[in-house]
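Here's the structure, in structure tokens; my notes come after.
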Amino acid sequence: MISAQDFCDLLTDRGFTFASGVPCSHFGGPIALLSDQPGRYVPAPNEGSALAVAAGAALGGHRAYVMLQNSGLGNLVNPLTSLVMTYQLPVLTFTSLRGWPDPTTDEPQHEVMGPATPGLLDSLGAPRHLLSAHDGVAEFATVLERAERDLAAQRAPFVLVERGAIGKATAASAPHEVGLPASEAIRIVTDSAPDAAVVATTGFTGRDTHAVADAPGTFYMQGSMGHAASIGLGVALTRPERTVVVLDGDGALLMHLGALSMIGGAAPANLVHVVLDNRVHESTGGQATTSATTSFPDLALAAGYASGAVCADEEAVRAAMGRAQAAPGPHLVSVRTLPRTGTIPPRATNALSTPEIRDRFQRDLRR
């Protein structure tokens, strides 16, 4: 293992002064350190945007690198192949190896992409290097030397990072916020719409939902971050007689904001889009999102939603949910929530397989 400080320092010493990425717990240390240095790190909404930002920095004359989770490589492929490779831009990408080499040691959503990661990069002609958990500073320096030779040859190198290869660092404390505990907000929302079909986004939201409001009519997402609203739209359009509640997160929604316009254009009368906004990517270590400068209700209204509201207490959430179910939608309810404390509940797939989640959800929709 190398320390987060050594990771950042070795890259800085080699002239890499600009970074972007999407949070992964493997890179929590470097992201925490870089985020305390203005201008050094851009938190991107998704992996493709992170690579494009780094490509822009490269065009601007800076040496840039990207940090991301291999589960998001699919979001990266288009700008990788049609931008970075096509224009031969010198961008270095660090990718965590979730679900590799043994997918059974990680969460279910990594079962496919974990083993496929090396072969996928090979199929694209992207050179890859490995930073192992037992590697030290000298080995990392050697990896960087090899990657720099790839960059000099106008190729797009990847460094695949094993779990535990990079140490942690303490992020700056977030300012005190008002709001509800996330589990309490979920309980209030589901109590306010007891007959709704529910789509719960990946990460801690799904875990809390399973702990406090499990029901056959709940679809728990494993992975596919950013697509809860789109899944909910598909359910709402095919089951117009049923209220559909999407339990989304601020970081997840920011990944694919275009879904708001798609939903506004389709105008499903039965969709209630609830965003639990705690301003951090909590399941990857608490890295800040950019929701503090974003108004989700205003975005939703501009995209064609019927209404948008911000809530910070139980009374406001219940009132907003009542209004949303009393008038044709789609509606967006943004709930201010607090960072979680204490023990995090287990994921739904500890009790149910993904096919079981699918089957009971479909049975409930047919009732």
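Please note that chains go A, B, ... in the order of the structure tokens, that every chain numbers its residues from 1, and that ligands are numbered from 1 in the order shown.
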Write out as JSON lines a residue-level contact list of stretch 55-80 of chain A versus stretch 214-234 of chain A with cut-off 12 Å: for each qualifying residue the closest pair of atoms and the distance in Å to one decimal, counting only C-alpha atoms, rows sorted by chain and residue number upward.
{"residue": "A:Gln69", "atom": "CA", "partner": "A:Gly223", "partner_atom": "CA", "distance": 11.3}
{"residue": "A:Asn70", "atom": "CA", "partner": "A:Gly223", "partner_atom": "CA", "distance": 11.4}
{"residue": "A:Ser71", "atom": "CA", "partner": "A:Gly223", "partner_atom": "CA", "distance": 7.8}
{"residue": "A:Gly72", "atom": "CA", "partner": "A:Ser224", "partner_atom": "CA", "distance": 8.5}
{"residue": "A:Leu73", "atom": "CA", "partner": "A:Ser224", "partner_atom": "CA", "distance": 11.5}
{"residue": "A:Gly74", "atom": "CA", "partner": "A:Ser224", "partner_atom": "CA", "distance": 10.3}
{"residue": "A:Asn75", "atom": "CA", "partner": "A:Ser224", "partner_atom": "CA", "distance": 10.4}
Requested write-out: N, CA, C and O atoms of the selected residues, as a short mmCIF file (atom, residue, chain, number, x, y, z; two decimals), in the first residue's frame:
data_model
loop_
_atom_site.label_atom_id
_atom_site.label_comp_id
_atom_site.auth_asym_id
_atom_site.auth_seq_id
_atom_site.Cartn_x
_atom_site.Cartn_y
_atom_site.Cartn_z
N GLN A 69 -14.30 4.32 -10.80
CA GLN A 69 -14.57 2.93 -10.46
C GLN A 69 -14.83 2.15 -11.75
O GLN A 69 -15.48 2.66 -12.67
N ASN A 70 -14.34 0.92 -11.83
CA ASN A 70 -14.50 0.19 -13.10
C ASN A 70 -15.96 -0.09 -13.44
O ASN A 70 -16.28 -0.34 -14.61
N SER A 71 -16.86 -0.03 -12.48
CA SER A 71 -18.28 -0.20 -12.79
C SER A 71 -18.78 0.89 -13.73
O SER A 71 -19.79 0.72 -14.41
N GLY A 72 -18.08 2.03 -13.76
CA GLY A 72 -18.49 3.13 -14.63
C GLY A 72 -17.73 3.20 -15.94
O GLY A 72 -17.84 4.20 -16.66
N LEU A 73 -16.98 2.15 -16.27
CA LEU A 73 -16.23 2.20 -17.53
C LEU A 73 -17.14 2.35 -18.74
O LEU A 73 -16.75 2.94 -19.75
N GLY A 74 -18.34 1.83 -18.63
CA GLY A 74 -19.28 1.97 -19.76
C GLY A 74 -19.57 3.43 -20.08
O GLY A 74 -19.73 3.80 -21.26
N ASN A 75 -19.64 4.27 -19.05
CA ASN A 75 -19.87 5.70 -19.27
C ASN A 75 -18.67 6.38 -19.91
O ASN A 75 -18.78 7.47 -20.46
#
Q.
Report as a PyMOL selection string all protein, DNA and RNA residues lying within 10 Å of A:Pro328, evaluated on only C-alpha atoms, omitting residues in the same chain fewer than 5 positions from it.
A. chain A and resi 267-272+305-307+323
Could you please take those selected residues and save N, CA, C and O atoms as a short mmCIF file (atom, residue, chain, number, x, y, z; two decimals), in the first residue's frame?
data_model
loop_
_atom_site.label_atom_id
_atom_site.label_comp_id
_atom_site.auth_asym_id
_atom_site.auth_seq_id
_atom_site.Cartn_x
_atom_site.Cartn_y
_atom_site.Cartn_z
N ALA A 267 -44.07 13.11 -19.46
CA ALA A 267 -45.15 13.59 -18.58
C ALA A 267 -45.98 12.47 -17.96
O ALA A 267 -47.21 12.47 -18.05
N PRO A 268 -45.36 11.52 -17.25
CA PRO A 268 -46.15 10.49 -16.57
C PRO A 268 -46.90 11.08 -15.38
O PRO A 268 -46.28 11.62 -14.46
N ALA A 269 -48.20 10.97 -15.40
CA ALA A 269 -49.02 11.60 -14.35
C ALA A 269 -48.82 10.93 -12.99
O ALA A 269 -49.12 11.54 -11.95
N ASN A 270 -48.32 9.71 -12.98
CA ASN A 270 -48.26 8.90 -11.76
C ASN A 270 -46.88 8.81 -11.15
O ASN A 270 -46.64 7.98 -10.27
N LEU A 271 -45.93 9.64 -11.58
CA LEU A 271 -44.56 9.53 -11.09
C LEU A 271 -44.24 10.61 -10.06
O LEU A 271 -44.45 11.81 -10.31
N VAL A 272 -43.72 10.17 -8.91
CA VAL A 272 -43.24 11.09 -7.87
C VAL A 272 -41.75 10.82 -7.68
O VAL A 272 -41.36 9.74 -7.26
N TYR A 305 -41.59 19.15 -15.41
CA TYR A 305 -42.32 18.55 -14.29
C TYR A 305 -43.49 19.45 -13.91
O TYR A 305 -43.44 20.68 -14.07
N ALA A 306 -44.52 18.85 -13.35
CA ALA A 306 -45.70 19.61 -12.94
C ALA A 306 -45.44 20.43 -11.69
O ALA A 306 -46.04 21.48 -11.48
N SER A 307 -44.55 19.94 -10.81
CA SER A 307 -44.25 20.68 -9.59
C SER A 307 -42.88 20.27 -9.06
O SER A 307 -42.33 19.23 -9.42
N ARG A 323 -49.64 16.52 -1.92
CA ARG A 323 -49.92 17.31 -3.12
C ARG A 323 -49.55 16.55 -4.38
O ARG A 323 -50.26 16.61 -5.39
#
**Q.** Given only C-alpha atoms as the counted atoms, nearest of A:Ala300, A:Ala213, A:Ala320, A:Ala55 to A:Ala348
**A.**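 Once distances to A:Ala348 are computed over only C-alpha atoms, the minimum belongs to A:Ala213.
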**Q.** stretch 144-146 of chain A surroundings by only C-alpha atoms, 12 Å radius, close-in-sequence under 5 positions cut, as a ChimeraX atom specification
**A.** /A:7,10-16,65,92-94,127-131,137-139,151-153,155-160
(Q) When you look at stretch 114-117 of chain A with a cut-off of 6 Å (counting only C-alpha atoms), what residues show up, excluding the ones that are within fewer than 2 positions of it in the same chain? I need them as a ChimeraX atom specification. (A) /A:98-100,110-112,119-120
Q) Distance atom CA of A:Ala193-atom CA of A:Val212, one decimal place? A)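 Atom CA of A:Ala193 sits 14.3 Å away from atom CA of A:Val212.
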Q: Using only C-alpha atoms, determine which residues lie at most 7 Å from A:His62, disregarding the query and same-chain residues fewer than 4 positions distant; provide the list as JSON, numbers by chain.
A: {"A": [17, 18, 57, 58]}
Requested write-out: C-alpha atoms of the selected residues, as a short mmCIF file (atom, residue, chain, number, x, y, z; two decimals), in the first residue's frame:
data_model
loop_
_atom_site.label_atom_id
_atom_site.label_comp_id
_atom_site.auth_asym_id
_atom_site.auth_seq_id
_atom_site.Cartn_x
_atom_site.Cartn_y
_atom_site.Cartn_z
CA THR A 17 -1.51 19.10 -11.77
CA PHE A 18 -5.15 18.55 -12.74
CA ALA A 57 -7.33 20.40 -19.33
CA ALA A 58 -4.89 18.56 -21.58
#
Q. What is the atom CA of A:Ser291 to atom CA of A:Asp277 distance in Å?
A. 7.5 Å
Q) Among stretch 60-218 of chain A, which residues carry a DSSP assignment of strand (DSSP E or B), reported as a list of chain:residue names? A) A:Arg63, A:Ala64, A:Tyr65, A:Val66, A:Met67, A:Leu68, A:Gln69, A:Val91, A:Leu92, A:Thr93, A:Phe94, A:Thr95, A:Ser96, A:Arg128, A:His129, A:Leu130, A:Leu131, A:Phe158, A:Val159, A:Leu160, A:Val161, A:Ile166, A:Leu180, A:Pro181, A:Ala197, A:Val198, A:Val199, A:Ala200, A:Thr218
Could you write those residues out with N, CA, C and O atoms, as a compact mmCIF listing (two decimals), in the first residue's frame?
# COMPACT_ATOMS: atom_id res chain seq x y z
N ARG A 63 -1.11 18.58 -17.53
CA ARG A 63 -1.11 17.13 -17.46
C ARG A 63 -2.24 16.72 -16.52
O ARG A 63 -2.32 17.19 -15.37
N ALA A 64 -3.11 15.84 -17.00
CA ALA A 64 -4.34 15.55 -16.26
C ALA A 64 -4.51 14.05 -16.07
O ALA A 64 -4.05 13.23 -16.88
N TYR A 65 -5.19 13.71 -14.97
CA TYR A 65 -5.54 12.32 -14.74
C TYR A 65 -6.95 12.21 -14.18
O TYR A 65 -7.53 13.19 -13.70
N VAL A 66 -7.48 11.00 -14.28
CA VAL A 66 -8.86 10.73 -13.90
C VAL A 66 -8.87 9.55 -12.93
O VAL A 66 -8.08 8.61 -13.08
N MET A 67 -9.76 9.60 -11.93
CA MET A 67 -9.95 8.49 -11.00
C MET A 67 -11.41 8.06 -11.04
O MET A 67 -12.31 8.91 -10.95
N LEU A 68 -11.65 6.76 -11.16
CA LEU A 68 -13.02 6.27 -11.26
C LEU A 68 -13.09 4.79 -10.90
O LEU A 68 -12.07 4.13 -10.76
N GLN A 69 -14.30 4.32 -10.80
CA GLN A 69 -14.57 2.93 -10.46
C GLN A 69 -14.83 2.15 -11.75
O GLN A 69 -15.48 2.66 -12.67
N VAL A 91 -4.05 11.83 -21.45
CA VAL A 91 -4.81 11.72 -20.19
C VAL A 91 -4.55 10.34 -19.60
O VAL A 91 -4.67 9.33 -20.28
N LEU A 92 -4.22 10.32 -18.32
CA LEU A 92 -3.96 9.08 -17.58
C LEU A 92 -5.18 8.75 -16.74
O LEU A 92 -5.71 9.61 -16.03
N THR A 93 -5.64 7.50 -16.81
CA THR A 93 -6.84 7.09 -16.09
C THR A 93 -6.52 6.02 -15.06
O THR A 93 -5.90 5.00 -15.38
N PHE A 94 -6.94 6.27 -13.81
CA PHE A 94 -6.83 5.29 -12.73
C PHE A 94 -8.22 4.68 -12.52
O PHE A 94 -9.20 5.40 -12.32
N THR A 95 -8.28 3.36 -12.56
CA THR A 95 -9.56 2.65 -12.44
C THR A 95 -9.47 1.62 -11.32
O THR A 95 -8.59 0.75 -11.34
N SER A 96 -10.37 1.71 -10.36
CA SER A 96 -10.40 0.72 -9.29
C SER A 96 -10.90 -0.61 -9.83
O SER A 96 -11.73 -0.66 -10.73
N ARG A 128 -2.69 -1.11 -20.25
CA ARG A 128 -3.08 -1.16 -18.84
C ARG A 128 -1.92 -1.64 -17.99
O ARG A 128 -1.11 -2.46 -18.40
N HIS A 129 -1.88 -1.08 -16.77
CA HIS A 129 -0.85 -1.42 -15.80
C HIS A 129 -1.55 -1.68 -14.48
O HIS A 129 -2.66 -1.20 -14.24
N LEU A 130 -0.90 -2.41 -13.60
CA LEU A 130 -1.53 -2.81 -12.35
C LEU A 130 -0.80 -2.22 -11.15
O LEU A 130 0.43 -2.31 -11.05
N LEU A 131 -1.56 -1.59 -10.25
CA LEU A 131 -1.05 -1.17 -8.95
C LEU A 131 -1.63 -2.11 -7.92
O LEU A 131 -2.83 -2.07 -7.63
N PHE A 158 -4.18 3.12 -18.82
CA PHE A 158 -4.98 2.93 -17.61
C PHE A 158 -4.10 2.27 -16.55
O PHE A 158 -3.30 1.39 -16.85
N VAL A 159 -4.28 2.70 -15.31
CA VAL A 159 -3.68 2.02 -14.17
C VAL A 159 -4.82 1.39 -13.38
O VAL A 159 -5.70 2.09 -12.87
N LEU A 160 -4.83 0.07 -13.32
CA LEU A 160 -5.85 -0.66 -12.59
C LEU A 160 -5.40 -0.81 -11.14
O LEU A 160 -4.30 -1.29 -10.87
N VAL A 161 -6.26 -0.38 -10.22
CA VAL A 161 -5.87 -0.26 -8.81
C VAL A 161 -6.63 -1.28 -7.97
O VAL A 161 -7.86 -1.26 -7.91
N ILE A 166 -4.19 2.04 -2.06
CA ILE A 166 -3.97 3.44 -1.71
C ILE A 166 -4.60 3.69 -0.34
O ILE A 166 -5.75 3.30 -0.10
N LEU A 180 -33.47 15.86 7.65
CA LEU A 180 -33.92 14.65 8.30
C LEU A 180 -32.89 13.54 8.15
O LEU A 180 -32.16 13.50 7.15
N PRO A 181 -32.80 12.62 9.08
CA PRO A 181 -32.04 11.40 8.82
C PRO A 181 -32.61 10.71 7.59
O PRO A 181 -33.83 10.68 7.39
N ALA A 197 -45.57 1.72 -6.13
CA ALA A 197 -44.39 0.95 -6.51
C ALA A 197 -43.19 1.86 -6.29
O ALA A 197 -43.23 3.05 -6.62
N VAL A 198 -42.12 1.31 -5.72
CA VAL A 198 -40.97 2.12 -5.32
C VAL A 198 -39.73 1.62 -6.04
O VAL A 198 -39.47 0.42 -6.09
N VAL A 199 -38.94 2.56 -6.58
CA VAL A 199 -37.63 2.26 -7.14
C VAL A 199 -36.61 2.96 -6.26
O VAL A 199 -36.61 4.20 -6.16
N ALA A 200 -35.75 2.18 -5.60
CA ALA A 200 -34.75 2.74 -4.67
C ALA A 200 -33.38 2.70 -5.33
O ALA A 200 -32.92 1.64 -5.75
N THR A 218 -41.08 -2.94 -3.99
CA THR A 218 -39.89 -2.11 -4.04
C THR A 218 -38.82 -2.79 -4.89
O THR A 218 -38.50 -3.96 -4.67
Q: One decimal, Å: what's the distance from atom CA of A:Val275 over to atom CA of A:Asn46, could you say?
A: 17.6 Å
Q: Pick out each residue of stretch 142-290 of chain A that DSSP on the backbone tags as helix (DSSP H, G or I); I need them as a PyMOL selection string.
A: chain A and resi 142-152+182-192+204-213+228-238+250-255+258-266+282-284
Residues just named, written with C-alpha atoms as an mmCIF file, in the first residue's frame:
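What landed in result.cif:
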data_model
loop_
_atom_site.group_PDB
_atom_site.id
_atom_site.type_symbol
_atom_site.label_atom_id
_atom_site.label_comp_id
_atom_site.auth_asym_id
_atom_site.auth_seq_id
_atom_site.Cartn_x
_atom_site.Cartn_y
_atom_site.Cartn_z
ATOM 1 C CA THR A 142 7.694 2.235 -11.984
ATOM 2 C CA VAL A 143 4.027 2.013 -12.995
ATOM 3 C CA LEU A 144 3.990 5.755 -13.688
ATOM 4 C CA GLU A 145 7.151 5.485 -15.792
ATOM 5 C CA ARG A 146 5.485 2.856 -17.957
ATOM 6 C CA ALA A 147 2.297 4.892 -18.245
ATOM 7 C CA GLU A 148 4.313 7.960 -19.244
ATOM 8 C CA ARG A 149 5.897 6.003 -22.077
ATOM 9 C CA ASP A 150 2.388 5.217 -23.297
ATOM 10 C CA LEU A 151 1.439 8.888 -23.096
ATOM 11 C CA ALA A 152 4.565 9.844 -25.028
ATOM 12 C CA ALA A 182 -32.208 9.571 5.499
ATOM 13 C CA SER A 183 -33.923 6.512 6.962
ATOM 14 C CA GLU A 184 -36.574 8.726 8.550
ATOM 15 C CA ALA A 185 -37.170 10.562 5.275
ATOM 16 C CA ILE A 186 -37.615 7.219 3.489
ATOM 17 C CA ARG A 187 -40.059 6.024 6.144
ATOM 18 C CA ILE A 188 -42.134 9.201 5.828
ATOM 19 C CA VAL A 189 -42.198 9.047 2.022
ATOM 20 C CA THR A 190 -43.224 5.393 1.881
ATOM 21 C CA ASP A 191 -45.811 5.836 4.644
ATOM 22 C CA SER A 192 -47.265 8.728 2.637
ATOM 23 C CA PHE A 204 -27.087 3.471 1.148
ATOM 24 C CA THR A 205 -30.565 4.575 -0.006
ATOM 25 C CA GLY A 206 -31.426 1.025 -1.010
ATOM 26 C CA ARG A 207 -29.990 -0.309 2.242
ATOM 27 C CA ASP A 208 -32.041 2.114 4.350
ATOM 28 C CA THR A 209 -35.176 1.405 2.343
ATOM 29 C CA HIS A 210 -34.822 -2.327 2.874
ATOM 30 C CA ALA A 211 -34.269 -1.761 6.607
ATOM 31 C CA VAL A 212 -37.182 0.581 7.321
ATOM 32 C CA ALA A 213 -39.720 0.083 4.514
ATOM 33 C CA ALA A 228 -33.308 5.245 -10.904
ATOM 34 C CA ALA A 229 -35.453 7.985 -12.427
ATOM 35 C CA SER A 230 -35.278 6.373 -15.861
ATOM 36 C CA ILE A 231 -36.282 2.983 -14.449
ATOM 37 C CA GLY A 232 -39.129 4.667 -12.623
ATOM 38 C CA LEU A 233 -40.259 6.334 -15.837
ATOM 39 C CA GLY A 234 -40.421 2.992 -17.635
ATOM 40 C CA VAL A 235 -42.476 1.495 -14.811
ATOM 41 C CA ALA A 236 -44.781 4.524 -14.629
ATOM 42 C CA LEU A 237 -45.486 4.557 -18.371
ATOM 43 C CA THR A 238 -46.305 0.840 -18.474
ATOM 44 C CA ASP A 250 -28.306 13.925 -5.189
ATOM 45 C CA GLY A 251 -25.106 12.350 -6.519
ATOM 46 C CA ALA A 252 -27.041 9.769 -8.506
ATOM 47 C CA LEU A 253 -29.374 12.313 -10.102
ATOM 48 C CA LEU A 254 -26.482 14.598 -10.985
ATOM 49 C CA MET A 255 -24.921 11.756 -12.988
ATOM 50 C CA GLY A 258 -30.898 14.658 -18.850
ATOM 51 C CA ALA A 259 -33.359 12.165 -17.397
ATOM 52 C CA LEU A 260 -35.306 15.120 -15.982
ATOM 53 C CA SER A 261 -35.994 16.404 -19.486
ATOM 54 C CA MET A 262 -36.949 12.921 -20.682
ATOM 55 C CA ILE A 263 -39.409 12.566 -17.799
ATOM 56 C CA GLY A 264 -40.793 16.065 -18.340
ATOM 57 C CA GLY A 265 -41.301 15.289 -22.017
ATOM 58 C CA ALA A 266 -43.038 11.965 -21.336
ATOM 59 C CA GLU A 282 -21.888 8.880 1.131
ATOM 60 C CA SER A 283 -21.361 5.226 0.226
ATOM 61 C CA THR A 284 -17.908 5.955 -1.231
#
List every residue of stretch 112-215 of chain A that has an atom at most 10 Å from any atom of stretch 22-39 of chain A, giving for each one its closest atom pair and the distance in Å to one decimal, counting only C-alpha atoms, sorted by chain and then by ascending residue number, as a Markdown table.
| residue | atom | partner | partner_atom | distance |
| --- | --- | --- | --- | --- |
| A:Val161 | CA | A:His26 | CA | 7.9 |
| A:Glu162 | CA | A:His26 | CA | 8.0 |
| A:Arg163 | CA | A:His26 | CA | 6.2 |
| A:Gly164 | CA | A:His26 | CA | 6.9 |
| A:Ala165 | CA | A:His26 | CA | 7.8 |
| A:Ile166 | CA | A:His26 | CA | 6.7 |
| A:Gly167 | CA | A:Gly29 | CA | 6.1 |
| A:Lys168 | CA | A:Gly29 | CA | 4.0 |
| A:Ala169 | CA | A:Gly29 | CA | 4.2 |
| A:Thr170 | CA | A:Ala32 | CA | 6.4 |
| A:Ala171 | CA | A:Ala32 | CA | 4.7 |
| A:Ala172 | CA | A:Ala32 | CA | 7.3 |
Restricting the output to N, CA and C atoms, write the selected residues as a JSON list (two decimals), in the first residue's frame.
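Wrote selection_29.json, looks like this:
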[["chain", "number", "residue", "atom", "x", "y", "z"],
["A", 161, "VAL", "N", -6.26, -0.38, -10.22],
["A", 161, "VAL", "CA", -5.87, -0.26, -8.81],
["A", 161, "VAL", "C", -6.63, -1.28, -7.97],
["A", 162, "GLU", "N", -5.89, -2.16, -7.34],
["A", 162, "GLU", "CA", -6.50, -3.15, -6.46],
["A", 162, "GLU", "C", -7.02, -2.51, -5.18],
["A", 163, "ARG", "N", -7.99, -3.16, -4.58],
["A", 163, "ARG", "CA", -8.50, -2.73, -3.28],
["A", 163, "ARG", "C", -7.38, -2.71, -2.26],
["A", 164, "GLY", "N", -7.26, -1.61, -1.52],
["A", 164, "GLY", "CA", -6.24, -1.49, -0.49],
["A", 164, "GLY", "C", -4.90, -1.02, -0.98],
["A", 165, "ALA", "N", -4.80, -0.65, -2.27],
["A", 165, "ALA", "CA", -3.51, -0.20, -2.80],
["A", 165, "ALA", "C", -3.16, 1.21, -2.37],
["A", 166, "ILE", "N", -4.19, 2.04, -2.06],
["A", 166, "ILE", "CA", -3.97, 3.44, -1.71],
["A", 166, "ILE", "C", -4.60, 3.69, -0.34],
["A", 167, "GLY", "N", -3.87, 4.35, 0.52],
["A", 167, "GLY", "CA", -4.35, 4.63, 1.87],
["A", 167, "GLY", "C", -5.43, 5.70, 1.90],
["A", 168, "LYS", "N", -6.02, 5.86, 3.05],
["A", 168, "LYS", "CA", -7.11, 6.80, 3.23],
["A", 168, "LYS", "C", -6.59, 8.13, 3.74],
["A", 169, "ALA", "N", -7.43, 9.14, 3.69],
["A", 169, "ALA", "CA", -7.14, 10.46, 4.26],
["A", 169, "ALA", "C", -8.45, 11.04, 4.75],
["A", 170, "THR", "N", -8.37, 11.96, 5.67],
["A", 170, "THR", "CA", -9.56, 12.56, 6.25],
["A", 170, "THR", "C", -10.03, 13.74, 5.43],
["A", 171, "ALA", "N", -11.28, 13.69, 5.01],
["A", 171, "ALA", "CA", -11.85, 14.80, 4.25],
["A", 171, "ALA", "C", -12.22, 15.93, 5.20],
["A", 172, "ALA", "N", -12.25, 17.13, 4.66],
["A", 172, "ALA", "CA", -12.67, 18.29, 5.46],
["A", 172, "ALA", "C", -14.11, 18.10, 5.91]]
